[in-house]
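Q: What follows is query26.cif, mmCIF, N, CA and C atoms.
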data_my_file
#
loop_
_atom_site.group_PDB
_atom_site.id
_atom_site.type_symbol
_atom_site.label_atom_id
_atom_site.label_comp_id
_atom_site.auth_asym_id
_atom_site.auth_seq_id
_atom_site.Cartn_x
_atom_site.Cartn_y
_atom_site.Cartn_z
ATOM 1 N N MET Q 1 6.648 -2.368 -18.116
ATOM 2 C CA MET Q 1 7.806 -1.984 -17.366
ATOM 3 C C MET Q 1 7.596 -2.357 -15.896
ATOM 4 N N ASN Q 2 8.615 -2.840 -15.279
ATOM 5 C CA ASN Q 2 8.608 -3.191 -13.863
ATOM 6 C C ASN Q 2 9.492 -2.188 -13.127
ATOM 7 N N PRO Q 3 8.889 -1.239 -12.393
ATOM 8 C CA PRO Q 3 9.693 -0.218 -11.721
ATOM 9 C C PRO Q 3 10.763 -0.799 -10.787
ATOM 10 N N ALA Q 4 10.429 -1.855 -10.063
ATOM 11 C CA ALA Q 4 11.410 -2.453 -9.147
ATOM 12 C C ALA Q 4 12.625 -2.952 -9.925
ATOM 13 N N ARG Q 5 12.391 -3.600 -11.037
ATOM 14 C CA ARG Q 5 13.504 -4.096 -11.855
ATOM 15 C C ARG Q 5 14.301 -2.932 -12.445
ATOM 16 N N TYR Q 6 13.610 -1.926 -12.950
ATOM 17 C CA TYR Q 6 14.258 -0.765 -13.561
ATOM 18 C C TYR Q 6 15.205 -0.073 -12.577
ATOM 19 N N PHE Q 7 14.750 0.077 -11.333
ATOM 20 C CA PHE Q 7 15.560 0.763 -10.322
ATOM 21 C C PHE Q 7 16.470 -0.181 -9.540
ATOM 22 N N GLY Q 8 16.472 -1.465 -9.901
ATOM 23 C CA GLY Q 8 17.329 -2.421 -9.199
ATOM 24 C C GLY Q 8 16.899 -2.692 -7.772
ATOM 25 N N GLU Q 9 15.588 -2.634 -7.530
ATOM 26 C CA GLU Q 9 15.044 -2.803 -6.177
ATOM 27 C C GLU Q 9 14.136 -4.027 -6.069
ATOM 28 N N GLU Q 10 14.374 -5.052 -6.879
ATOM 29 C CA GLU Q 10 13.495 -6.225 -6.893
ATOM 30 C C GLU Q 10 13.435 -6.944 -5.550
ATOM 31 N N GLU Q 11 14.463 -6.885 -4.764
ATOM 32 C CA GLU Q 11 14.466 -7.538 -3.447
ATOM 33 C C GLU Q 11 13.767 -6.692 -2.383
ATOM 34 N N GLU Q 12 13.542 -5.408 -2.680
ATOM 35 C CA GLU Q 12 12.996 -4.480 -1.690
ATOM 36 C C GLU Q 12 11.575 -4.037 -2.021
ATOM 37 N N TRP Q 13 11.255 -3.855 -3.283
ATOM 38 C CA TRP Q 13 9.942 -3.355 -3.708
ATOM 39 C C TRP Q 13 9.094 -4.494 -4.247
ATOM 40 N N GLY Q 14 7.797 -4.436 -3.975
ATOM 41 C CA GLY Q 14 6.873 -5.412 -4.548
ATOM 42 C C GLY Q 14 6.886 -6.763 -3.867
ATOM 43 N N VAL Q 15 7.478 -6.835 -2.685
ATOM 44 C CA VAL Q 15 7.514 -8.083 -1.927
ATOM 45 C C VAL Q 15 7.016 -7.830 -0.509
ATOM 46 N N ILE Q 16 6.473 -8.851 0.081
ATOM 47 C CA ILE Q 16 6.076 -8.764 1.493
ATOM 48 C C ILE Q 16 6.957 -9.732 2.250
ATOM 49 N N LYS Q 17 7.916 -9.178 2.963
ATOM 50 C CA LYS Q 17 8.827 -9.989 3.772
ATOM 51 C C LYS Q 17 9.480 -9.090 4.806
ATOM 52 N N ALA Q 18 9.988 -9.693 5.837
ATOM 53 C CA ALA Q 18 10.636 -8.926 6.907
ATOM 54 C C ALA Q 18 11.776 -8.099 6.339
ATOM 55 N N GLY Q 19 11.807 -6.815 6.723
ATOM 56 C CA GLY Q 19 12.882 -5.932 6.316
ATOM 57 C C GLY Q 19 12.659 -5.219 4.998
ATOM 58 N N ALA Q 20 11.627 -5.598 4.245
ATOM 59 C CA ALA Q 20 11.363 -4.949 2.956
ATOM 60 C C ALA Q 20 10.543 -3.681 3.178
ATOM 61 N N SER Q 21 10.663 -2.736 2.257
ATOM 62 C CA SER Q 21 9.831 -1.534 2.299
ATOM 63 C C SER Q 21 8.404 -1.931 1.947
ATOM 64 N N ALA Q 22 7.448 -1.309 2.602
ATOM 65 C CA ALA Q 22 6.059 -1.668 2.311
ATOM 66 C C ALA Q 22 5.166 -0.449 2.401
ATOM 67 N N ASP Q 23 4.657 -0.011 1.270
ATOM 68 C CA ASP Q 23 3.612 1.002 1.202
ATOM 69 C C ASP Q 23 2.415 0.293 0.599
ATOM 70 N N PHE Q 24 1.302 0.288 1.325
ATOM 71 C CA PHE Q 24 0.119 -0.370 0.772
ATOM 72 C C PHE Q 24 -1.148 0.164 1.415
ATOM 73 N N VAL Q 25 -2.261 -0.115 0.756
ATOM 74 C CA VAL Q 25 -3.588 0.283 1.222
ATOM 75 C C VAL Q 25 -4.392 -0.988 1.435
ATOM 76 N N LEU Q 26 -4.978 -1.132 2.619
ATOM 77 C CA LEU Q 26 -5.833 -2.280 2.930
ATOM 78 C C LEU Q 26 -7.281 -1.826 2.807
ATOM 79 N N VAL Q 27 -8.042 -2.520 1.966
ATOM 80 C CA VAL Q 27 -9.443 -2.181 1.759
ATOM 81 C C VAL Q 27 -10.311 -3.405 2.017
ATOM 82 N N GLN Q 28 -11.590 -3.139 2.257
ATOM 83 C CA GLN Q 28 -12.531 -4.240 2.407
ATOM 84 C C GLN Q 28 -13.145 -4.488 1.046
ATOM 85 N N GLY Q 29 -12.981 -5.664 0.515
ATOM 86 C CA GLY Q 29 -13.472 -5.983 -0.815
ATOM 87 C C GLY Q 29 -12.320 -6.101 -1.795
ATOM 88 N N ASN Q 30 -12.662 -6.246 -3.049
ATOM 89 C CA ASN Q 30 -11.676 -6.441 -4.103
ATOM 90 C C ASN Q 30 -11.581 -5.174 -4.940
ATOM 91 N N ARG Q 31 -10.488 -4.452 -4.815
ATOM 92 C CA ARG Q 31 -10.323 -3.195 -5.546
ATOM 93 C C ARG Q 31 -10.305 -3.406 -7.047
ATOM 94 N N LEU Q 32 -9.956 -4.610 -7.496
ATOM 95 C CA LEU Q 32 -9.953 -4.888 -8.930
ATOM 96 C C LEU Q 32 -11.371 -4.993 -9.482
ATOM 97 N N GLU Q 33 -12.313 -5.352 -8.629
ATOM 98 C CA GLU Q 33 -13.715 -5.457 -9.045
ATOM 99 C C GLU Q 33 -14.477 -4.164 -8.801
ATOM 100 N N ASP Q 34 -14.021 -3.364 -7.824
ATOM 101 C CA ASP Q 34 -14.732 -2.137 -7.467
ATOM 102 C C ASP Q 34 -13.738 -1.101 -6.942
ATOM 103 N N LEU Q 35 -13.348 -0.160 -7.796
ATOM 104 C CA LEU Q 35 -12.374 0.856 -7.396
ATOM 105 C C LEU Q 35 -12.880 1.750 -6.265
ATOM 106 N N ALA Q 36 -14.187 1.792 -6.044
ATOM 107 C CA ALA Q 36 -14.752 2.606 -4.965
ATOM 108 C C ALA Q 36 -14.248 2.161 -3.596
ATOM 109 N N THR Q 37 -13.772 0.912 -3.480
ATOM 110 C CA THR Q 37 -13.242 0.454 -2.189
ATOM 111 C C THR Q 37 -12.046 1.298 -1.755
ATOM 112 N N LEU Q 38 -11.365 1.927 -2.707
ATOM 113 C CA LEU Q 38 -10.198 2.754 -2.372
ATOM 114 C C LEU Q 38 -10.583 4.066 -1.690
ATOM 115 N N LYS Q 39 -11.865 4.439 -1.762
ATOM 116 C CA LYS Q 39 -12.325 5.665 -1.101
ATOM 117 C C LYS Q 39 -12.441 5.502 0.408
ATOM 118 N N ASN Q 40 -12.516 4.254 0.883
ATOM 119 C CA ASN Q 40 -12.697 3.987 2.315
ATOM 120 C C ASN Q 40 -11.671 2.969 2.795
ATOM 121 N N PRO Q 41 -10.391 3.340 2.820
ATOM 122 C CA PRO Q 41 -9.377 2.381 3.260
ATOM 123 C C PRO Q 41 -9.529 2.031 4.735
ATOM 124 N N ILE Q 42 -9.221 0.803 5.056
ATOM 125 C CA ILE Q 42 -9.226 0.353 6.444
ATOM 126 C C ILE Q 42 -7.908 0.723 7.103
ATOM 127 N N MET Q 43 -6.827 0.608 6.340
ATOM 128 C CA MET Q 43 -5.506 0.928 6.863
ATOM 129 C C MET Q 43 -4.588 1.297 5.700
ATOM 130 N N VAL Q 44 -3.686 2.224 5.977
ATOM 131 C CA VAL Q 44 -2.651 2.589 5.016
ATOM 132 C C VAL Q 44 -1.312 2.447 5.721
ATOM 133 N N VAL Q 45 -0.347 1.846 5.048
ATOM 134 C CA VAL Q 45 1.018 1.775 5.552
ATOM 135 C C VAL Q 45 1.882 2.505 4.542
ATOM 136 N N MET Q 46 2.577 3.535 5.032
ATOM 137 C CA MET Q 46 3.426 4.330 4.153
ATOM 138 C C MET Q 46 4.694 4.691 4.883
ATOM 139 N N LYS Q 47 5.815 4.310 4.300
ATOM 140 C CA LYS Q 47 7.131 4.572 4.884
ATOM 141 C C LYS Q 47 7.219 4.041 6.309
ATOM 142 N N GLY Q 48 6.615 2.868 6.531
ATOM 143 C CA GLY Q 48 6.685 2.222 7.831
ATOM 144 C C GLY Q 48 5.721 2.750 8.872
ATOM 145 N N ARG Q 49 4.869 3.704 8.519
ATOM 146 C CA ARG Q 49 3.897 4.266 9.463
ATOM 147 C C ARG Q 49 2.513 3.721 9.156
ATOM 148 N N PHE Q 50 1.831 3.258 10.186
ATOM 149 C CA PHE Q 50 0.485 2.703 10.055
ATOM 150 C C PHE Q 50 -0.538 3.798 10.323
ATOM 151 N N MET Q 51 -1.537 3.906 9.465
ATOM 152 C CA MET Q 51 -2.649 4.818 9.689
ATOM 153 C C MET Q 51 -3.918 3.981 9.613
ATOM 154 N N ILE Q 52 -4.639 3.907 10.713
ATOM 155 C CA ILE Q 52 -5.832 3.070 10.738
ATOM 156 C C ILE Q 52 -7.068 3.880 10.362
ATOM 157 N N GLU Q 53 -8.168 3.196 10.142
ATOM 158 C CA GLU Q 53 -9.400 3.776 9.623
ATOM 159 C C GLU Q 53 -9.843 5.042 10.365
ATOM 160 N N MET Q 54 -9.882 5.028 11.684
ATOM 161 C CA MET Q 54 -10.363 6.185 12.442
ATOM 162 C C MET Q 54 -9.491 7.409 12.179
ATOM 163 N N ARG Q 55 -8.204 7.233 12.167
ATOM 164 C CA ARG Q 55 -7.301 8.355 11.940
ATOM 165 C C ARG Q 55 -7.420 8.884 10.504
ATOM 166 N N LEU Q 56 -7.623 7.985 9.542
ATOM 167 C CA LEU Q 56 -7.769 8.392 8.151
ATOM 168 C C LEU Q 56 -9.012 9.267 7.966
ATOM 169 N N LYS Q 57 -10.105 8.915 8.634
ATOM 170 C CA LYS Q 57 -11.354 9.661 8.497
ATOM 171 C C LYS Q 57 -11.297 11.002 9.203
ATOM 172 N N SER Q 58 -10.454 11.143 10.223
ATOM 173 C CA SER Q 58 -10.395 12.406 10.965
ATOM 174 C C SER Q 58 -9.534 13.441 10.254
ATOM 175 N N ASN Q 59 -8.725 13.008 9.295
ATOM 176 C CA ASN Q 59 -7.845 13.968 8.584
ATOM 177 C C ASN Q 59 -8.495 14.538 7.381
#
Is it possible to express this structure as structure tokens?

A:
Amino acid sequence: MNPARYFGEEEEWGVIKAGASADFVLVQGNRLEDLATLKNPIMVVMKGRFMIEMRLKSN
């Protein structure tokens, strides 16, 4: 199942382009090879707000 297709949001979800919604986690390394990389994100973008590494560790 493709959630973007199901909800009719294929132009907005799952794409990286100007004006699109973007929630993502930036990690160092390949999360597909090592899920532990998700424990130490470098940056998180959620609902247009950026949270960088220092702020993530202080919360």

Q: Taking 6 positions as the minimum chain separation for residues in the same chain, which residues sit within 6 Å of segment 9-22 of chain Q when counting only N, CA and C atoms? Answer as a ChimeraX atom specification.

A: /Q:45-48

Q: Got a sec to tell me which of chain Q DSSP assigns to helix (DSSP H, G or I), as a list in words?

A: Pro3, Ala4, Arg5, Tyr6, Leu35, Ala36, Thr37, Leu38, Lys39, Glu53, Met54, Arg55, Leu56, Lys57 and Ser58 of chain Q

Q: Would you write out, as a count of residues only, every residue that the PyMOL selection byres ((chain Q and resi 26) around 5) captures in this file?

A: 8

Q: Looking only at the backbone, which of the residues in chain Q does DSSP tag as strand (DSSP E or B), as a ChimeraX atom specification?

A: /Q:24-26,43-46,49-52

Q: What does the distance between atom C of Phe50 of chain Q and atom N of Arg5 of chain Q come to in Å, to one decimal place?

A: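 Separation between atom C of Phe50 of chain Q and atom N of Arg5 of chain Q: 26.0 Å.
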
Q: Can you measure atom CA of Arg31 of chain Q to atom CA of Asn2 of chain Q for me? One decimal in Å is fine.

A: 20.7 Å

Q: Using the file's own x, y and z axes, what box holds all listed atoms of segment 17-34 of chain Q with 8 Å on each side, keeping edges along x, y and z, and what are its centre and edge lengths in Å to one decimal, as lines of an AutoDock Vina configuration file?

A:
center_x = -0.9
center_y = -4.5
center_z = -1.3
size_x = 43.6
size_y = 27.0
size_z = 32.4

Q: What does the distance from atom CA of Leu38 of chain Q to atom CA of Met1 of chain Q come to in Å, to one decimal?

A: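 Atom CA of Met1 of chain Q lies at a distance of 23.9 Å from atom CA of Leu38 of chain Q.
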